[in-house]
>>> print(open('run_33.cif').read())   # mmCIF, C-alpha atoms
data_run
loop_
_atom_site.label_atom_id
_atom_site.label_comp_id
_atom_site.auth_asym_id
_atom_site.auth_seq_id
_atom_site.Cartn_x
_atom_site.Cartn_y
_atom_site.Cartn_z
CA MET A 27 186.61 35.10 137.73
CA GLN A 28 182.99 34.11 137.40
CA LYS A 29 180.98 36.15 134.87
CA VAL A 30 177.81 37.74 136.20
CA LEU A 31 174.87 37.70 133.81
CA ARG A 32 172.59 40.69 134.07
CA PHE A 33 169.03 40.43 132.87
CA ASN A 34 166.39 43.15 132.80
CA PHE A 35 163.27 41.31 133.91
CA GLY A 36 161.17 44.43 133.38
CA VAL A 37 161.58 44.20 129.62
CA LEU A 38 159.92 40.79 129.27
CA SER A 39 157.57 40.88 132.25
CA ARG A 40 154.46 41.56 130.16
CA PRO A 41 152.58 39.02 128.02
CA ARG A 42 153.25 38.71 124.32
CA LEU A 43 151.02 40.58 121.90
CA HIS A 44 149.05 38.23 119.63
CA ILE A 45 148.05 39.71 116.29
CA PHE A 46 145.75 38.38 113.55
CA ASP A 47 146.39 40.31 110.33
CA LYS A 48 144.80 38.05 107.69
CA GLY A 49 141.36 39.63 107.88
CA SER A 50 139.82 42.97 106.96
CA LYS A 51 138.74 46.12 108.79
CA HIS A 52 135.86 44.18 110.31
CA THR A 53 137.95 41.22 111.56
CA PRO A 54 139.36 41.73 115.08
CA SER A 55 143.16 41.86 114.96
CA GLY A 56 143.72 41.66 118.70
CA ILE A 57 145.13 45.20 118.79
CA ARG A 58 143.48 47.97 120.77
CA ALA A 59 145.71 50.98 120.14
CA THR A 60 145.82 54.50 121.54
CA ILE A 61 147.59 56.78 119.06
CA HIS A 62 148.78 60.11 120.45
CA GLY A 63 149.50 62.69 117.75
CA GLY A 64 147.08 61.17 115.25
CA THR A 65 146.38 64.57 113.68
CA SER A 66 150.03 64.83 112.59
CA PHE A 67 151.07 64.17 109.00
CA SER A 68 151.93 60.53 109.72
CA GLY A 69 148.96 59.84 112.03
CA ILE A 70 146.53 58.73 109.33
CA TYR A 71 149.14 56.34 107.88
CA MET A 72 149.91 54.71 111.22
CA GLY A 73 146.22 54.49 112.06
CA GLY A 74 145.38 53.16 108.62
CA MET A 75 148.00 50.41 108.86
CA LEU A 76 146.51 49.17 112.13
CA GLY A 77 142.89 49.84 111.17
CA ASN A 78 143.08 47.90 107.91
CA ILE A 79 143.64 44.66 109.81
CA GLY A 80 140.71 45.27 112.15
CA SER A 81 142.29 47.05 115.10
CA GLU A 82 140.35 49.23 117.51
CA LEU A 83 141.80 52.74 117.54
CA ILE A 84 141.62 55.66 119.95
CA PHE A 85 142.87 59.09 118.82
CA PRO A 86 143.24 61.65 121.64
CA HIS A 87 143.70 65.17 120.28
CA ASN A 88 143.59 68.68 121.70
CA HIS A 89 141.31 70.17 119.04
CA GLN A 90 137.88 71.36 120.08
CA TYR A 91 135.91 69.87 117.21
CA ASN A 92 135.96 66.46 115.54
CA TYR A 93 134.74 67.83 112.21
CA GLU A 94 138.04 69.61 111.43
CA ASP A 95 139.57 68.16 108.27
CA HIS A 96 142.75 66.72 109.80
CA VAL A 97 140.68 65.21 112.63
CA ARG A 98 137.70 63.74 110.83
CA GLU A 99 139.87 61.98 108.24
CA LEU A 100 141.04 59.71 111.07
CA LYS A 101 137.55 58.15 111.02
CA THR A 102 138.48 56.47 107.73
CA THR A 103 141.38 54.54 109.23
CA SER A 104 139.24 51.69 110.61
CA GLY A 105 135.79 50.17 110.35
CA PRO A 106 132.59 51.61 111.86
CA GLY A 107 132.45 51.27 115.62
CA GLN A 108 136.20 50.60 115.88
CA ASN A 109 137.38 54.19 116.02
CA TRP A 110 137.10 56.86 118.73
CA LEU A 111 138.18 60.51 118.53
CA LEU A 112 138.77 62.09 121.95
CA HIS A 113 138.81 65.87 121.62
CA ASP A 114 140.05 68.50 124.11
CA MET A 115 142.91 66.25 125.26
CA ASN A 116 144.85 67.84 128.13
CA TYR A 117 148.37 66.47 128.60
CA ASP A 118 148.68 68.40 131.87
CA ASN A 119 146.17 65.95 133.31
CA LYS A 120 147.95 62.65 134.07
CA GLU A 121 144.69 60.92 134.93
CA MET A 122 143.32 61.82 131.52
CA ILE A 123 146.40 60.34 129.83
CA GLU A 124 145.90 57.12 131.79
CA TRP A 125 142.21 57.07 130.88
CA THR A 126 142.92 57.23 127.13
CA MET A 127 144.77 53.91 127.30
CA LYS A 128 142.64 52.23 129.96
CA ASN A 129 141.58 49.37 127.65
CA SER A 130 144.50 49.47 125.19
CA ASN A 131 147.30 46.96 124.72
CA VAL A 132 149.30 49.13 122.28
CA VAL A 133 150.23 52.81 122.57
CA VAL A 134 151.85 54.84 119.78
CA ASN A 135 153.32 58.29 120.41
CA LEU A 136 153.63 60.51 117.32
CA LEU A 137 153.58 63.83 119.18
CA GLY A 138 156.00 66.52 118.10
CA PRO A 139 156.36 70.31 117.84
CA ARG A 140 153.75 70.92 115.15
CA LYS A 141 153.98 74.71 115.55
CA HIS A 142 157.77 74.74 115.26
CA LEU A 143 158.37 76.43 118.59
CA LYS A 144 161.09 78.96 119.40
CA ASN A 145 162.15 78.47 123.01
CA ARG A 146 163.62 75.46 124.78
CA LYS A 147 160.87 75.26 127.40
CA ASP A 148 158.22 74.55 124.77
CA PHE A 149 160.39 71.94 123.02
CA GLU A 150 161.03 70.21 126.35
CA TRP A 151 157.32 70.10 127.04
CA ILE A 152 156.29 68.27 123.87
CA ASN A 153 159.44 66.16 123.36
CA ILE A 154 160.31 65.24 126.97
CA THR A 155 157.56 65.92 129.51
CA VAL A 156 154.58 64.58 127.57
CA PRO A 157 156.33 61.40 126.27
CA LYS A 158 157.53 60.70 129.81
CA ARG A 159 153.98 60.99 131.13
CA ILE A 160 152.68 58.67 128.41
CA ALA A 161 155.39 56.10 129.21
CA GLU A 162 154.63 56.34 132.95
CA ALA A 163 150.94 55.77 132.22
CA CYS A 164 151.87 52.70 130.15
CA ALA A 165 153.98 51.37 133.04
CA LYS A 166 151.05 51.75 135.46
CA ASN A 167 148.66 49.91 133.13
CA PRO A 168 149.33 46.12 133.11
CA GLY A 169 147.24 45.79 129.95
CA VAL A 170 149.62 47.87 127.83
CA ILE A 171 152.04 45.41 126.22
CA ARG A 172 153.79 47.59 123.63
CA LEU A 173 154.72 51.25 123.29
CA ILE A 174 156.08 52.63 120.00
CA HIS A 175 157.71 56.03 120.52
CA PHE A 176 158.62 58.13 117.47
CA SER A 177 161.73 60.26 117.77
CA ALA A 178 163.81 61.54 114.83
CA CYS A 179 166.90 60.60 112.87
CA GLY A 180 169.73 62.83 114.03
CA ALA A 181 168.49 63.06 117.63
CA ASN A 182 171.53 64.07 119.63
CA PRO A 183 172.04 65.90 122.93
CA HIS A 184 174.69 68.08 121.25
CA ALA A 185 172.67 68.95 118.12
CA GLU A 186 172.24 72.62 117.23
CA SER A 187 168.50 72.08 116.79
CA LEU A 188 166.48 72.25 120.01
CA ASP A 189 164.06 69.74 118.52
CA LEU A 190 166.79 67.10 118.00
CA GLN A 191 168.32 67.81 121.42
CA THR A 192 165.08 67.35 123.31
CA LYS A 193 163.98 64.36 121.25
CA TYR A 194 167.11 62.48 122.37
CA ILE A 195 166.43 63.28 126.03
CA GLY A 196 162.81 62.27 125.54
CA GLU A 197 163.90 58.84 124.28
CA GLN A 198 165.87 58.22 127.46
CA GLU A 199 162.97 59.30 129.67
CA VAL A 200 160.59 56.97 127.81
CA LEU A 201 162.91 53.97 128.17
CA ASN A 202 163.52 54.72 131.86
CA ALA A 203 159.78 54.80 132.54
CA PHE A 204 158.80 51.91 130.26
CA PRO A 205 161.68 49.57 129.24
CA ASN A 206 159.38 47.68 126.83
CA ALA A 207 159.21 50.73 124.57
CA THR A 208 160.45 50.52 120.99
CA ILE A 209 162.05 53.73 119.69
CA PHE A 210 161.73 54.72 116.03
CA ARG A 211 164.05 57.35 114.57
CA PRO A 212 162.74 58.00 111.05
CA SER A 213 164.62 60.19 108.62
CA VAL A 214 162.60 62.71 106.62
CA MET A 215 159.31 61.04 105.74
CA VAL A 216 157.73 61.53 102.32
CA GLY A 217 153.98 61.41 101.76
CA ASP A 218 150.90 63.56 101.21
CA ASN A 219 151.20 66.86 103.14
CA ASP A 220 154.63 65.96 104.49
CA ASP A 221 157.29 68.32 105.81
CA PHE A 222 159.72 67.64 102.98
CA ALA A 223 158.32 67.54 99.45
CA TYR A 224 155.18 69.46 100.40
CA HIS A 225 157.35 71.96 102.27
CA TRP A 226 159.22 72.56 99.01
CA GLN A 227 155.95 73.17 97.14
CA VAL A 228 154.59 75.68 99.65
CA GLN A 229 157.84 77.65 99.81
CA LYS A 230 157.73 78.10 96.05
CA ARG A 231 154.20 79.44 96.23
CA TYR A 232 155.08 82.09 98.80
CA PHE A 233 158.54 83.08 97.52
CA HIS A 234 157.76 83.59 93.84
CA ASN A 235 158.94 80.16 92.64
CA PHE A 236 162.10 80.28 94.79
CA ASN A 237 163.22 78.11 97.69
CA ILE A 238 165.07 79.94 100.48
CA VAL A 239 168.24 78.05 101.49
CA PRO A 240 170.88 79.06 104.07
CA ASP A 241 173.80 77.06 102.62
CA ASN A 242 175.03 75.12 99.59
CA CYS A 243 172.52 72.28 100.15
CA GLN A 244 175.17 69.59 100.58
CA ALA A 245 173.65 68.19 103.80
CA LYS A 246 172.55 64.58 103.37
CA ARG A 247 169.07 63.14 103.64
CA GLN A 248 167.78 59.56 103.49
CA PRO A 249 164.09 60.04 102.67
CA ILE A 250 161.66 57.23 103.45
CA PHE A 251 158.09 56.73 102.27
CA VAL A 252 155.72 57.13 105.22
CA GLN A 253 153.83 53.98 104.25
CA ASP A 254 157.04 51.99 104.74
CA VAL A 255 157.39 53.46 108.24
CA ALA A 256 153.82 52.37 109.00
CA GLN A 257 154.61 48.84 107.82
CA ALA A 258 157.74 48.83 110.00
CA MET A 259 155.59 49.81 112.99
CA LEU A 260 153.20 46.90 112.41
CA ASN A 261 156.08 44.47 111.93
CA ALA A 262 157.69 45.67 115.15
CA LEU A 263 154.50 44.87 117.05
CA LYS A 264 154.63 41.32 115.67
CA MET A 265 158.27 40.79 116.62
CA PRO A 266 158.97 40.42 120.38
CA GLU A 267 162.70 40.91 119.75
CA THR A 268 162.03 44.59 118.97
CA ILE A 269 161.09 45.26 122.61
CA GLY A 270 163.42 47.83 124.18
CA GLN A 271 165.26 48.43 120.89
CA THR A 272 165.94 51.58 118.88
CA TYR A 273 165.61 51.61 115.07
CA GLU A 274 166.82 54.25 112.64
CA LEU A 275 164.52 54.25 109.62
CA GLY A 276 165.75 55.54 106.29
CA GLY A 277 165.16 54.86 102.62
CA PRO A 278 167.46 52.79 100.38
CA HIS A 279 169.45 55.80 99.08
CA VAL A 280 171.22 58.84 100.51
CA TYR A 281 170.97 62.17 98.67
CA THR A 282 172.20 65.69 99.21
CA LEU A 283 169.49 68.31 99.59
CA LEU A 284 170.53 69.75 96.23
CA GLU A 285 169.92 66.37 94.59
CA CYS A 286 166.50 66.21 96.25
CA TYR A 287 165.58 69.67 94.95
CA GLU A 288 166.72 68.70 91.45
CA MET A 289 164.66 65.52 91.63
CA PHE A 290 161.55 67.45 92.64
CA HIS A 291 161.97 69.85 89.73
CA ASN A 292 162.69 67.08 87.25
CA ILE A 293 159.31 65.53 88.03
CA VAL A 294 157.45 68.79 87.38
CA GLN A 295 159.81 69.60 84.46
CA ARG A 296 161.05 72.94 85.73
CA PRO A 297 164.59 74.16 86.56
CA PRO A 298 165.53 74.61 90.25
CA LYS A 299 165.38 78.13 91.66
CA LEU A 300 167.28 78.43 94.93
CA ALA A 301 167.68 81.74 96.76
CA HIS A 302 170.89 81.51 98.82
CA VAL A 303 170.68 83.78 101.87
CA ASP A 304 173.21 84.01 104.70
CA LYS A 305 172.28 81.70 107.57
CA GLN A 306 172.82 84.26 110.34
CA LEU A 307 170.66 86.79 108.51
CA LEU A 308 167.87 84.23 108.13
CA LEU A 309 168.06 83.38 111.84
CA LYS A 310 167.72 87.07 112.74
CA ILE A 311 164.73 87.45 110.41
CA ALA A 312 163.08 84.32 111.83
CA GLN A 313 163.31 85.74 115.36
CA TYR A 314 161.16 88.74 114.49
CA ILE A 315 158.44 87.17 112.37
CA PRO A 316 155.61 84.81 113.31
CA ASN A 317 156.97 81.30 113.64
CA TRP A 318 155.64 80.07 110.32
CA LYS A 319 155.70 76.34 109.64
CA TYR A 320 157.51 76.80 106.32
CA PHE A 321 160.14 79.26 107.49
CA ASN A 322 161.32 79.11 111.09
CA ILE A 323 164.43 78.89 113.26
CA ASP A 324 164.44 75.12 113.61
CA TYR A 325 164.08 74.61 109.85
CA ILE A 326 167.12 76.85 109.26
CA LEU A 327 169.23 75.04 111.88
CA LYS A 328 168.34 71.59 110.60
CA HIS A 329 168.98 72.49 106.98
CA GLY A 330 172.73 71.99 107.29
CA ASP A 331 172.60 68.79 109.38
CA ASP A 332 172.91 65.29 107.94
CA MET A 333 169.86 63.15 108.68
CA VAL A 334 170.89 59.66 107.69
CA VAL A 335 170.95 56.24 109.32
CA GLN A 336 174.08 55.82 111.44
CA ALA A 337 176.40 52.89 110.78
CA GLY A 338 175.93 50.01 113.20
CA SER A 339 172.37 50.92 114.18
CA LYS A 340 169.33 48.71 113.76
CA THR A 341 167.48 49.68 110.59
CA ILE A 342 164.28 49.09 108.69
CA ASP A 343 165.88 45.98 107.18
CA ASP A 344 165.79 44.42 110.65
CA LEU A 345 162.02 44.97 110.59
CA CYS A 346 161.63 43.00 107.34
CA VAL A 347 160.62 45.99 105.20
CA ARG A 348 162.11 46.81 101.81
CA PRO A 349 161.48 50.57 101.46
CA LEU A 350 160.66 52.42 98.25
CA SER A 351 163.24 54.73 96.76
CA LEU A 352 162.57 58.48 96.77
CA THR A 353 161.70 58.53 93.07
CA GLN A 354 159.10 55.79 93.56
CA ALA A 355 157.65 57.56 96.61
CA LEU A 356 157.41 60.90 94.79
CA GLN A 357 155.36 59.31 92.03
CA ASN A 358 152.78 58.48 94.70
CA ILE A 359 152.47 62.07 95.91
CA PHE A 360 153.29 64.25 92.88
CA TRP A 361 150.72 62.79 90.52
CA ASP A 362 148.14 65.30 91.75
CA ILE A 363 150.51 68.21 91.02
CA GLN A 364 151.12 66.98 87.51
CA ALA A 365 147.41 66.38 86.92
CA ARG A 366 146.33 69.68 88.45
CA TYR A 367 148.81 71.93 86.73
CA GLY A 368 149.67 69.97 83.61
CA GLY A 369 153.20 71.35 83.70
CA SER A 370 152.00 74.92 83.17
CA SER A 371 151.12 76.17 86.63
CA GLU A 372 152.16 79.60 87.79
CA LEU A 373 153.84 77.79 90.67
CA TYR A 374 156.36 76.23 88.33
CA GLU A 375 156.56 78.69 85.46
CA ARG A 376 160.02 79.51 84.21
#
>>> encode(input="run_33.cif", output="structure tokens")
Amino acid sequence: MQKVLRFNFGVLSRPRLHIFDKGSKHTPSGIRATIHGGTSFSGIYMGGMLGNIGSELIFPHNHQYNYEDHVRELKTTSGPGQNWLLHDMNYDNKEMIEWTMKNSNVVVNLLGPRKHLKNRKDFEWINITVPKRIAEACAKNPGVIRLIHFSACGANPHAESLDLQTKYIGEQEVLNAFPNATIFRPSVMVGDNDDFAYHWQVQKRYFHNFNIVPDNCQAKRQPIFVQDVAQAMLNALKMPETIGQTYELGGPHVYTLLECYEMFHNIVQRPPKLAHVDKQLLLKIAQYIPNWKYFNIDYILKHGDDMVVQAGSKTIDDLCVRPLSLTQALQNIFWDIQARYGGSSELYER
């Protein structure tokens, strides 16, 4: 019986992206990138990685003013005249989405549920509807060669977390609309103002040096330094073989959450203080309080899930990046804590 070869012509129908990365911020790299979600924790890192080689960057955001701290810092990611901040972005307006990438050849989607929403409709909006609209806009624009879509490690349609459920569906919608898309599934990212190590710090401030945990902290994590993720993104843009592929990005080591907490405390030279509270009780409490970033329903549900790179998946090694270990990454972000408090802060007192 004759074998039938199937080939998706849509994946390779667009021209190859040519990148020059041997210059500086003032040397054109050939990249004109629209970065959605630039005001997120990782936005300045992704923008900085592209801006440092001379890329032109556009940051649509839905804030009213460009002088807000987490908005104006994006101006530092590239050289003068190579950076545009588009405020009052409305993702209900498809024409506006198309306009933001009118002259771009690269689009990066970092959007996610910043406010840690409570109901499924809101999660579907930011994780499915908006990414689909961005991908459809990319498909309509013949100038857009590459789309990098950020999902999350552990994305699964059967996950308990609404965030992980809808992120998986969003991936499928993006690939259906734009087969050239490259999907990134990073594990917990570590960096300044992240949602992992910084989350731990803030919880201790508000809960009298304790961290609230709903279980025995044996769930596994594979933390990765955000700068390594940014390098992986740039490498993916250089490698045509990454088109249409999905990559799970994790660090070189897997830890339990308890080991991570112990590592954090070892650096600041204080013993761990964990307040174990029943999971169902925490979920009930979270339903009746404002959905605070550092204590919310989705945080409680994710706490017991493993977030590690799955066997057999494409990884950061396939993107030619050797990631830092967690201990090396923490030295890059905890130096300010050690310098500020000198080991004697009220935050870490015994």
>>> resolve_selection(input="run_33.cif", expression="the PyMOL selection byres ((chain A and resi 327-330) around 9)", output="ChimeraX atom specification")
/A:186-187,190,239-246,283,305,309,322-326,331-333
>>> resolve_selection(input="run_33.cif", expression="the PyMOL selection byres ((chain A and resi 105) around 12)", output="PyMOL selection string")
chain A and resi 50-54+73-74+76-83+100-104+106-110
>>> residues_near_point(input="run_33.cif", point="(166.9, 71.8, 95.9)", cutoff="8 Å", atoms="all atoms listed in the file", output="list in words")
Asn237, Cys243, Leu283, Leu284, Glu285, Cys286, Tyr287, Glu288, Met289, Phe290, Pro298, Lys299 and Leu300 of chain A
>>> atom_distance(input="run_33.cif", atom1="CA of Asn317 (chain A)", atom2="CA of Pro139 (chain A)")
11.8 Å
>>> atom_distance(input="run_33.cif", atom1="CA of Val134 (chain A)", atom2="CA of Asp221 (chain A)")
20.2 Å
>>> resolve_selection(input="run_33.cif", expression="the PyMOL selection byres ((chain A and resi 207) around 10)", output="PyMOL selection string")
chain A and resi 37+133-134+161+164-165+171-175+197+200-206+208-210+268-272
>>> closest_residue(input="run_33.cif", among="A:Tyr194, A:Tyr273, A:Phe321, A:Trp125", to="Asn153 (chain A)", atoms="all atoms listed in the file")
A:Tyr194
>>> closest_residue(input="run_33.cif", among="A:Met115, A:Ile238, A:Ile84, A:Ile57", to="Val303 (chain A)", atoms="all atoms listed in the file")
A:Ile238
>>> atom_distance(input="run_33.cif", atom1="CA of Gln257 (chain A)", atom2="CA of Leu137 (chain A)")
18.8 Å
>>> closest_residue(input="run_33.cif", among="A:Leu43, A:Gly196, A:Gly56, A:Arg348", to="Glu150 (chain A)", atoms="all atoms listed in the file")
A:Gly196
>>> residues_around(input="run_33.cif", residues="Met72 (chain A)", least_positions_apart="6", cutoff="9 Å", atoms="all atoms listed in the file", output="ChimeraX atom specification")
/A:61,64,103,134,252-253,255-257,259-260
>>> write_last_selection(input="run_33.cif", atoms="C-alpha atoms", output="short mmCIF file (atom, residue, chain, number, x, y, z; two decimals), in the coordinates of the input")
data_model
loop_
_atom_site.label_atom_id
_atom_site.label_comp_id
_atom_site.auth_asym_id
_atom_site.auth_seq_id
_atom_site.Cartn_x
_atom_site.Cartn_y
_atom_site.Cartn_z
CA ILE A 61 147.59 56.78 119.06
CA GLY A 64 147.08 61.17 115.25
CA THR A 103 141.38 54.54 109.23
CA VAL A 134 151.85 54.84 119.78
CA VAL A 252 155.72 57.13 105.22
CA GLN A 253 153.83 53.98 104.25
CA VAL A 255 157.39 53.46 108.24
CA ALA A 256 153.82 52.37 109.00
CA GLN A 257 154.61 48.84 107.82
CA MET A 259 155.59 49.81 112.99
CA LEU A 260 153.20 46.90 112.41
#
>>> residues_around(input="run_33.cif", residues="Ile123 (chain A)", least_positions_apart="3", cutoff="8 Å", atoms="only C-alpha atoms", output="ChimeraX atom specification")
/A:116-117,119-120,126-127,159-160,163
>>> closest_residue(input="run_33.cif", among="A:Leu136, A:Val228, A:Ala185, A:Ile195", to="Lys319 (chain A)", atoms="all atoms listed in the file")
A:Val228
>>> closest_residue(input="run_33.cif", among="A:Pro41, A:Gly277, A:Gly63, A:Pro266", to="Leu352 (chain A)", atoms="all atoms listed in the file")
A:Gly277
>>> residues_around(input="run_33.cif", residues="Phe149 (chain A)", least_positions_apart="2", cutoff="7 Å", atoms="only C-alpha atoms", output="ChimeraX atom specification")
/A:139,143,145-147,151-153,188-189,192
>>> write_last_selection(input="run_33.cif", atoms="C-alpha atoms", output="short mmCIF file (atom, residue, chain, number, x, y, z; two decimals), keeping the file's coordinate frame")
data_model
loop_
_atom_site.label_atom_id
_atom_site.label_comp_id
_atom_site.auth_asym_id
_atom_site.auth_seq_id
_atom_site.Cartn_x
_atom_site.Cartn_y
_atom_site.Cartn_z
CA PRO A 139 156.36 70.31 117.84
CA LEU A 143 158.37 76.43 118.59
CA ASN A 145 162.15 78.47 123.01
CA ARG A 146 163.62 75.46 124.78
CA LYS A 147 160.87 75.26 127.40
CA TRP A 151 157.32 70.10 127.04
CA ILE A 152 156.29 68.27 123.87
CA ASN A 153 159.44 66.16 123.36
CA LEU A 188 166.48 72.25 120.01
CA ASP A 189 164.06 69.74 118.52
CA THR A 192 165.08 67.35 123.31
#
>>> residues_near_point(input="run_33.cif", point="(143.0, 61.3, 121.9)", cutoff="7 Å", atoms="only C-alpha atoms", output="list of chain:residue names")
A:His62, A:Ile84, A:Phe85, A:Pro86, A:His87, A:Leu111, A:Leu112, A:His113, A:Met115, A:Thr126
>>> residues_around(input="run_33.cif", residues="Pro349 (chain A)", least_positions_apart="6", cutoff="7 Å", atoms="only C-alpha atoms", output="VMD selection string")
chain A and resid 250 254 277 to 278
>>> write_last_selection(input="run_33.cif", atoms="C-alpha atoms", output="CSV table (one decimal), keeping the file's coordinate frame")
chain,number,residue,atom,x,y,z
A,250,ILE,CA,161.7,57.2,103.4
A,254,ASP,CA,157.0,52.0,104.7
A,277,GLY,CA,165.2,54.9,102.6
A,278,PRO,CA,167.5,52.8,100.4
>>> decode(input="run_33.cif", residues="region 208-263 of chain A", atoms="C-alpha atoms", output="short mmCIF file (atom, residue, chain, number, x, y, z; two decimals), in the first residue's frame")
data_model
loop_
_atom_site.label_atom_id
_atom_site.label_comp_id
_atom_site.auth_asym_id
_atom_site.auth_seq_id
_atom_site.Cartn_x
_atom_site.Cartn_y
_atom_site.Cartn_z
CA THR A 208 5.76 28.57 18.79
CA ILE A 209 4.34 27.64 22.20
CA PHE A 210 6.40 28.12 25.36
CA ARG A 211 5.37 26.37 28.57
CA PRO A 212 7.69 27.75 31.26
CA SER A 213 7.73 26.32 34.75
CA VAL A 214 7.81 28.80 37.64
CA MET A 215 10.05 31.67 36.58
CA VAL A 216 12.45 33.28 39.04
CA GLY A 217 13.49 36.92 38.80
CA ASP A 218 12.91 40.37 40.29
CA ASN A 219 9.25 40.77 41.38
CA ASP A 220 8.37 37.23 40.30
CA ASP A 221 5.43 35.13 41.46
CA PHE A 222 7.60 32.58 43.25
CA ALA A 223 10.45 33.89 45.39
CA TYR A 224 8.93 37.37 45.68
CA HIS A 225 5.59 35.77 46.50
CA TRP A 226 7.29 34.03 49.42
CA GLN A 227 8.73 37.33 50.67
CA VAL A 228 5.42 39.20 50.56
CA GLN A 229 3.51 36.42 52.32
CA LYS A 230 5.97 36.58 55.20
CA ARG A 231 5.47 40.31 55.54
CA TYR A 232 1.70 40.01 55.81
CA PHE A 233 1.46 36.81 57.87
CA HIS A 234 3.92 37.64 60.65
CA ASN A 235 6.91 35.77 59.17
CA PHE A 236 4.80 32.73 58.24
CA ASN A 237 3.97 31.23 54.86
CA ILE A 238 0.43 29.81 54.53
CA VAL A 239 0.50 26.34 52.93
CA PRO A 240 -2.45 23.98 52.27
CA ASP A 241 -0.48 20.70 52.23
CA ASN A 242 2.85 19.07 53.09
CA CYS A 243 4.71 20.96 50.32
CA GLN A 244 5.79 17.82 48.47
CA ALA A 245 4.60 19.06 45.06
CA LYS A 246 7.48 19.40 42.61
CA ARG A 247 8.76 22.52 40.90
CA GLN A 248 11.44 23.05 38.26
CA PRO A 249 12.26 26.76 38.63
CA ILE A 250 13.92 28.57 35.75
CA PHE A 251 15.64 31.95 35.69
CA VAL A 252 13.56 34.38 33.62
CA GLN A 253 16.66 35.59 31.76
CA ASP A 254 17.15 32.04 30.45
CA VAL A 255 13.57 32.03 29.16
CA ALA A 256 14.25 35.32 27.36
CA GLN A 257 17.36 33.82 25.75
CA ALA A 258 15.31 30.78 24.70
CA MET A 259 12.79 33.10 23.05
CA LEU A 260 15.50 34.85 21.03
CA ASN A 261 17.06 31.53 20.02
CA ALA A 262 13.67 30.23 18.90
CA LEU A 263 13.28 33.21 16.59
#
